[in-house]
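Source file: model25.tsv; contents: TSV, N, CA and C atoms and all ligand atoms.
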chain	number	residue	atom	x	y	z
A	1	MET	N	0.84	-1.21	0.00
A	1	MET	CA	0.00	0.00	0.00
A	1	MET	C	0.87	1.26	0.00
A	2	LYS	N	0.54	2.13	-0.91
A	2	LYS	CA	1.28	3.38	-0.95
A	2	LYS	C	0.82	4.31	0.17
A	3	HIS	N	1.79	4.95	0.75
A	3	HIS	CA	1.43	5.93	1.77
A	3	HIS	C	2.39	7.10	1.71
A	4	ARG	N	1.83	8.26	1.64
A	4	ARG	CA	2.68	9.45	1.64
A	4	ARG	C	1.91	10.57	2.31
A	5	GLU	N	2.42	10.99	3.44
A	5	GLU	CA	1.71	12.00	4.20
A	5	GLU	C	2.05	13.38	3.66
A	6	VAL	N	1.02	14.12	3.31
A	6	VAL	CA	1.23	15.48	2.82
A	6	VAL	C	0.27	16.42	3.54
A	7	ASN	N	0.54	17.71	3.42
A	7	ASN	CA	-0.36	18.70	4.00
A	7	ASN	C	-1.26	19.27	2.90
A	8	CYS	N	-2.52	19.36	3.21
A	8	CYS	CA	-3.47	19.94	2.28
A	8	CYS	C	-3.12	21.43	2.06
A	9	PRO	N	-3.00	21.87	0.80
A	9	PRO	CA	-2.66	23.27	0.54
A	9	PRO	C	-3.70	24.25	1.06
A	10	THR	N	-4.93	23.79	1.22
A	10	THR	CA	-6.00	24.69	1.66
A	10	THR	C	-6.13	24.75	3.18
A	11	CYS	N	-6.29	23.59	3.81
A	11	CYS	CA	-6.56	23.61	5.25
A	11	CYS	C	-5.36	23.17	6.08
A	12	ARG	N	-4.26	22.78	5.42
A	12	ARG	CA	-3.01	22.41	6.10
A	12	ARG	C	-3.12	21.12	6.90
A	13	LYS	N	-4.22	20.41	6.74
A	13	LYS	CA	-4.39	19.16	7.46
A	13	LYS	C	-3.51	18.08	6.82
A	14	LYS	N	-2.98	17.19	7.66
A	14	LYS	CA	-2.19	16.08	7.14
A	14	LYS	C	-3.10	14.96	6.67
A	15	PHE	N	-2.79	14.42	5.51
A	15	PHE	CA	-3.56	13.27	5.04
A	15	PHE	C	-2.69	12.42	4.12
A	16	ASN	N	-3.16	11.21	3.84
A	16	ASN	CA	-2.44	10.32	2.94
A	16	ASN	C	-2.75	10.71	1.49
A	17	TYR	N	-1.74	11.13	0.80
A	17	TYR	CA	-1.87	11.61	-0.59
A	17	TYR	C	-2.64	10.61	-1.45
A	18	PHE	N	-2.36	9.33	-1.24
A	18	PHE	CA	-2.95	8.31	-2.11
A	18	PHE	C	-4.37	7.93	-1.69
A	19	ASP	N	-4.81	8.46	-0.56
A	19	ASP	CA	-6.16	8.18	-0.08
A	19	ASP	C	-7.20	9.13	-0.67
A	20	SER	N	-6.74	10.27	-1.13
A	20	SER	CA	-7.67	11.31	-1.52
A	20	SER	C	-7.92	11.30	-3.02
A	21	ALA	N	-9.18	11.39	-3.40
A	21	ALA	CA	-9.53	11.48	-4.82
A	21	ALA	C	-9.34	12.90	-5.32
A	22	PHE	N	-9.08	13.81	-4.40
A	22	PHE	CA	-9.01	15.22	-4.77
A	22	PHE	C	-7.62	15.79	-4.55
A	23	ARG	N	-6.62	14.90	-4.55
A	23	ARG	CA	-5.26	15.35	-4.32
A	23	ARG	C	-4.84	16.39	-5.36
A	24	PRO	N	-4.01	17.30	-4.99
A	24	PRO	CA	-3.27	17.35	-3.73
A	24	PRO	C	-4.08	17.88	-2.55
A	25	PHE	N	-5.39	17.93	-2.68
A	25	PHE	CA	-6.21	18.42	-1.57
A	25	PHE	C	-6.80	17.26	-0.80
A	26	CYS	N	-7.16	17.48	0.45
A	26	CYS	CA	-7.64	16.39	1.30
A	26	CYS	C	-9.09	16.06	0.98
A	27	SER	N	-9.83	17.01	0.40
A	27	SER	CA	-11.24	16.80	0.17
A	27	SER	C	-11.73	17.65	-0.99
A	28	GLU	N	-12.91	17.34	-1.47
A	28	GLU	CA	-13.47	18.11	-2.57
A	28	GLU	C	-13.65	19.57	-2.16
A	29	ARG	N	-14.06	19.76	-0.91
A	29	ARG	CA	-14.28	21.11	-0.38
A	29	ARG	C	-13.01	21.97	-0.52
A	30	CYS	N	-11.89	21.40	-0.07
A	30	CYS	CA	-10.64	22.15	-0.12
A	30	CYS	C	-10.23	22.43	-1.57
A	31	ARG	N	-10.51	21.51	-2.43
A	31	ARG	CA	-10.17	21.69	-3.83
A	31	ARG	C	-10.98	22.83	-4.43
A	32	LEU	N	-12.27	22.85	-4.11
A	32	LEU	CA	-13.14	23.91	-4.63
A	32	LEU	C	-12.75	25.27	-4.08
A	33	ILE	N	-12.37	25.29	-2.82
A	33	ILE	CA	-11.93	26.55	-2.22
A	33	ILE	C	-10.72	27.08	-2.98
A	34	ASP	N	-9.79	26.18	-3.27
A	34	ASP	CA	-8.58	26.60	-3.98
A	34	ASP	C	-8.91	27.09	-5.38
A	35	LEU	N	-9.79	26.39	-6.07
A	35	LEU	CA	-10.19	26.82	-7.41
A	35	LEU	C	-10.88	28.17	-7.37
A	36	GLY	N	-11.69	28.36	-6.35
A	36	GLY	CA	-12.40	29.63	-6.18
A	36	GLY	C	-11.44	30.78	-5.98
A	37	GLN	N	-10.40	30.52	-5.19
A	37	GLN	CA	-9.40	31.57	-4.97
A	37	GLN	C	-8.68	31.90	-6.25
A	38	TRP	N	-8.41	30.87	-7.02
A	38	TRP	CA	-7.70	31.06	-8.28
A	38	TRP	C	-8.53	31.93	-9.22
A	39	LEU	N	-9.82	31.63	-9.27
A	39	LEU	CA	-10.72	32.41	-10.14
A	39	LEU	C	-10.79	33.86	-9.70
A	40	SER	N	-10.90	34.08	-8.39
A	40	SER	CA	-11.07	35.44	-7.90
A	40	SER	C	-9.80	36.26	-8.08
A	41	GLU	N	-8.68	35.60	-8.25
A	41	GLU	CA	-7.44	36.33	-8.50
A	41	GLU	C	-7.25	36.59	-9.99
A	42	SER	N	-8.25	36.29	-10.77
A	42	SER	CA	-8.28	36.52	-12.22
A	42	SER	C	-7.02	36.06	-12.94
A	43	TYR	N	-6.75	34.77	-12.81
A	43	TYR	CA	-5.71	34.15	-13.62
A	43	TYR	C	-4.31	34.70	-13.36
A	44	THR	N	-4.05	35.19	-12.17
A	44	THR	CA	-2.70	35.68	-11.90
A	44	THR	C	-1.79	34.56	-11.40
A	45	VAL	N	-2.39	33.46	-11.00
A	45	VAL	CA	-1.61	32.33	-10.52
A	45	VAL	C	-1.19	31.48	-11.72
A	46	PRO	N	0.07	31.05	-11.75
A	46	PRO	CA	0.51	30.21	-12.87
A	46	PRO	C	-0.36	28.99	-13.04
A	47	ALA	N	-0.68	28.66	-14.28
A	47	ALA	CA	-1.64	27.59	-14.55
A	47	ALA	C	-1.03	26.20	-14.43
A	48	GLU	N	0.30	26.13	-14.32
A	48	GLU	CA	0.95	24.81	-14.35
A	48	GLU	C	0.50	23.91	-13.21
A	49	LYS	N	0.06	24.53	-12.13
A	49	LYS	CA	-0.29	23.69	-10.99
A	49	LYS	C	-1.67	23.05	-11.13
A	50	LEU	N	-2.38	23.39	-12.18
A	50	LEU	CA	-3.69	22.79	-12.43
A	50	LEU	C	-3.58	21.69	-13.48
A	51	THR	N	-4.46	20.72	-13.36
A	51	THR	CA	-4.52	19.69	-14.39
A	51	THR	C	-5.32	20.24	-15.56
A	52	PRO	N	-5.10	19.69	-16.77
A	52	PRO	CA	-5.86	20.16	-17.94
A	52	PRO	C	-7.36	20.09	-17.72
A	53	ASP	N	-7.78	19.11	-16.96
A	53	ASP	CA	-9.19	18.94	-16.64
A	53	ASP	C	-9.73	20.13	-15.85
A	54	GLU	N	-8.96	20.55	-14.88
A	54	GLU	CA	-9.38	21.66	-14.04
A	54	GLU	C	-9.37	22.96	-14.82
A	55	ILE	N	-8.38	23.13	-15.67
A	55	ILE	CA	-8.31	24.33	-16.50
A	55	ILE	C	-9.54	24.40	-17.40
A	56	ASP	N	-9.92	23.25	-17.95
A	56	ASP	CA	-11.09	23.18	-18.81
A	56	ASP	C	-12.34	23.61	-18.05
A	57	THR	N	-12.49	23.09	-16.85
A	57	THR	CA	-13.65	23.44	-16.02
A	57	THR	C	-13.68	24.93	-15.74
A	58	LEU	N	-12.54	25.48	-15.39
A	58	LEU	CA	-12.47	26.90	-15.06
A	58	LEU	C	-12.76	27.76	-16.28
A	59	GLU	N	-12.26	27.33	-17.43
A	59	GLU	CA	-12.51	28.13	-18.63
A	59	GLU	C	-13.98	28.14	-19.00
A	60	LYS	N	-14.65	27.01	-18.77
A	60	LYS	CA	-16.08	26.96	-19.04
A	60	LYS	C	-16.84	27.89	-18.10
A	61	LEU	N	-16.44	27.88	-16.84
A	61	LEU	CA	-17.06	28.78	-15.86
A	61	LEU	C	-16.84	30.23	-16.27
A	62	HIS	N	-15.64	30.52	-16.71
A	62	HIS	CA	-15.29	31.88	-17.08
A	62	HIS	C	-16.07	32.32	-18.31
A	63	GLU	N	-16.22	31.41	-19.27
A	63	GLU	CA	-17.00	31.71	-20.47
A	63	GLU	C	-18.44	32.06	-20.12
A	64	LYS	N	-19.00	31.29	-19.20
A	64	LYS	CA	-20.38	31.54	-18.79
A	64	LYS	C	-20.53	32.95	-18.24
A	65	GLU	N	-19.57	33.35	-17.41
A	65	GLU	CA	-19.63	34.68	-16.81
A	65	GLU	C	-19.56	35.76	-17.88
A	66	ASN	N	-18.71	35.56	-18.86
A	66	ASN	CA	-18.49	36.59	-19.86
A	66	ASN	C	-19.58	36.64	-20.92
A	67	SER	N	-20.19	35.49	-21.21
A	67	SER	CA	-21.13	35.43	-22.32
A	67	SER	C	-22.36	36.29	-22.08
A	68	GLU	N	-22.59	36.65	-20.82
A	68	GLU	CA	-23.74	37.50	-20.56
A	68	GLU	C	-23.44	38.96	-20.88
A	69	GLU	N	-22.15	39.30	-20.89
A	69	GLU	CA	-21.78	40.69	-21.16
A	69	GLU	C	-21.79	41.02	-22.65
A	70	ASP	N	-21.07	40.21	-23.43
A	70	ASP	CA	-20.99	40.55	-24.85
A	70	ASP	C	-21.92	39.69	-25.71
A	71	GLY	N	-23.03	40.29	-26.06
A	71	GLY	CA	-24.01	39.59	-26.88
A	71	GLY	C	-23.83	39.86	-28.36
A	72	ASN	N	-22.99	40.83	-28.68
A	72	ASN	CA	-22.83	41.16	-30.11
A	72	ASN	C	-21.52	40.62	-30.67
A	73	GLU	N	-21.67	39.65	-31.54
A	73	GLU	CA	-20.49	39.07	-32.17
A	73	GLU	C	-20.52	39.39	-33.66
A	74	ASP	N	-19.88	40.47	-34.01
A	74	ASP	CA	-19.88	40.84	-35.43
A	74	ASP	C	-18.71	40.17	-36.15
A	75	LYS	N	-19.03	39.51	-37.23
A	75	LYS	CA	-17.98	38.87	-38.02
A	75	LYS	C	-17.98	39.43	-39.43
A	76	TYR	N	-16.79	39.71	-39.91
A	76	TYR	CA	-16.68	40.27	-41.26
A	76	TYR	C	-16.20	39.18	-42.21
A	77	GLU	N	-17.14	38.53	-42.80
A	77	GLU	CA	-16.78	37.40	-43.64
A	77	GLU	C	-16.76	37.77	-45.12
A	78	ASP	N	-17.27	38.96	-45.43
A	78	ASP	CA	-17.40	39.29	-46.87
A	78	ASP	C	-16.51	40.45	-47.30
A	79	ASP	N	-15.22	40.40	-46.96
A	79	ASP	CA	-14.35	41.40	-47.54
A	79	ASP	C	-13.53	40.82	-48.70
A	80	GLN	N	-14.00	39.69	-49.21
A	80	GLN	CA	-13.40	39.14	-50.44
A	80	GLN	C	-14.39	39.29	-51.57
A	81	GLU	N	-13.87	39.75	-52.72
A	81	GLU	CA	-14.80	39.94	-53.84
A	81	GLU	C	-14.38	39.11	-55.04
A	101	ZN	ZN	-8.01	20.26	3.22

Could you write out this file's structure as structure tokens?
Ligand SMILES: [Zn+2]
Amino acid sequence: MKHREVNCPTCRKKFNYFDSAFRPFCSERCRLIDLGQWLSESYTVPAEKLTPDEIDTLEKLHEKENSEEDGNEDKYEDDQE
């Protein structure tokens, strides 16, 4: 059995890294808190520490927020004659 004790980046609690489905966090709650902080800092944190899956989720969330602001998408497709 693998065992590696680490500290959760969010709550600093010690847990077995291989026990958690939400590593490097101890729980889903801590993971969401961390993602929330990342979002509120508007992408100032380097993205390398996130998995591609998490980046995808965050980008979808971000798109949702923005799509309500810009409703006008003008495309210039006919400047060829
Ligand atoms: Zn935690």

Would you name the residues within 6 Å of ligand ZN 101 (chain A), counting only N, CA and C atoms and all ligand atoms, and put them as a VMD selection string?
chain A and resid 8 to 13 25 to 27 30

Near A:Tyr17, within 5 Å and counting all atoms listed in the file, which residues show up once chain neighbours fewer than 5 positions away are dropped, as number ranges by chain?
A: 4-6

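As for atom CA of A:Thr51 and atom CA of A:Pro24, they are spaced 11.0 Å apart.
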
As a VMD selection string, which residues of stretch 1-59 of chain A does DSSP assign to alpha helix (DSSP H)?
chain A and resid 28 to 40 52 to 59

Would you please give, as a ChimeraX atom specification, all residues of stretch 2-69 of chain A that DSSP assigns to strand (DSSP E or B) based on the backbone?
/A:5-7,14-16

Distance atom CA of A:Asn7-atom CA of A:Ser20, one decimal place?
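Separation between atom CA of A:Asn7 and atom CA of A:Ser20: 11.8 Å.
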
One number please: atom CA of A:Leu32 to atom CA of A:Lys64, in Å, one decimal.
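Straight-line distance from atom CA of A:Leu32 to atom CA of A:Lys64 works out to 17.6 Å.
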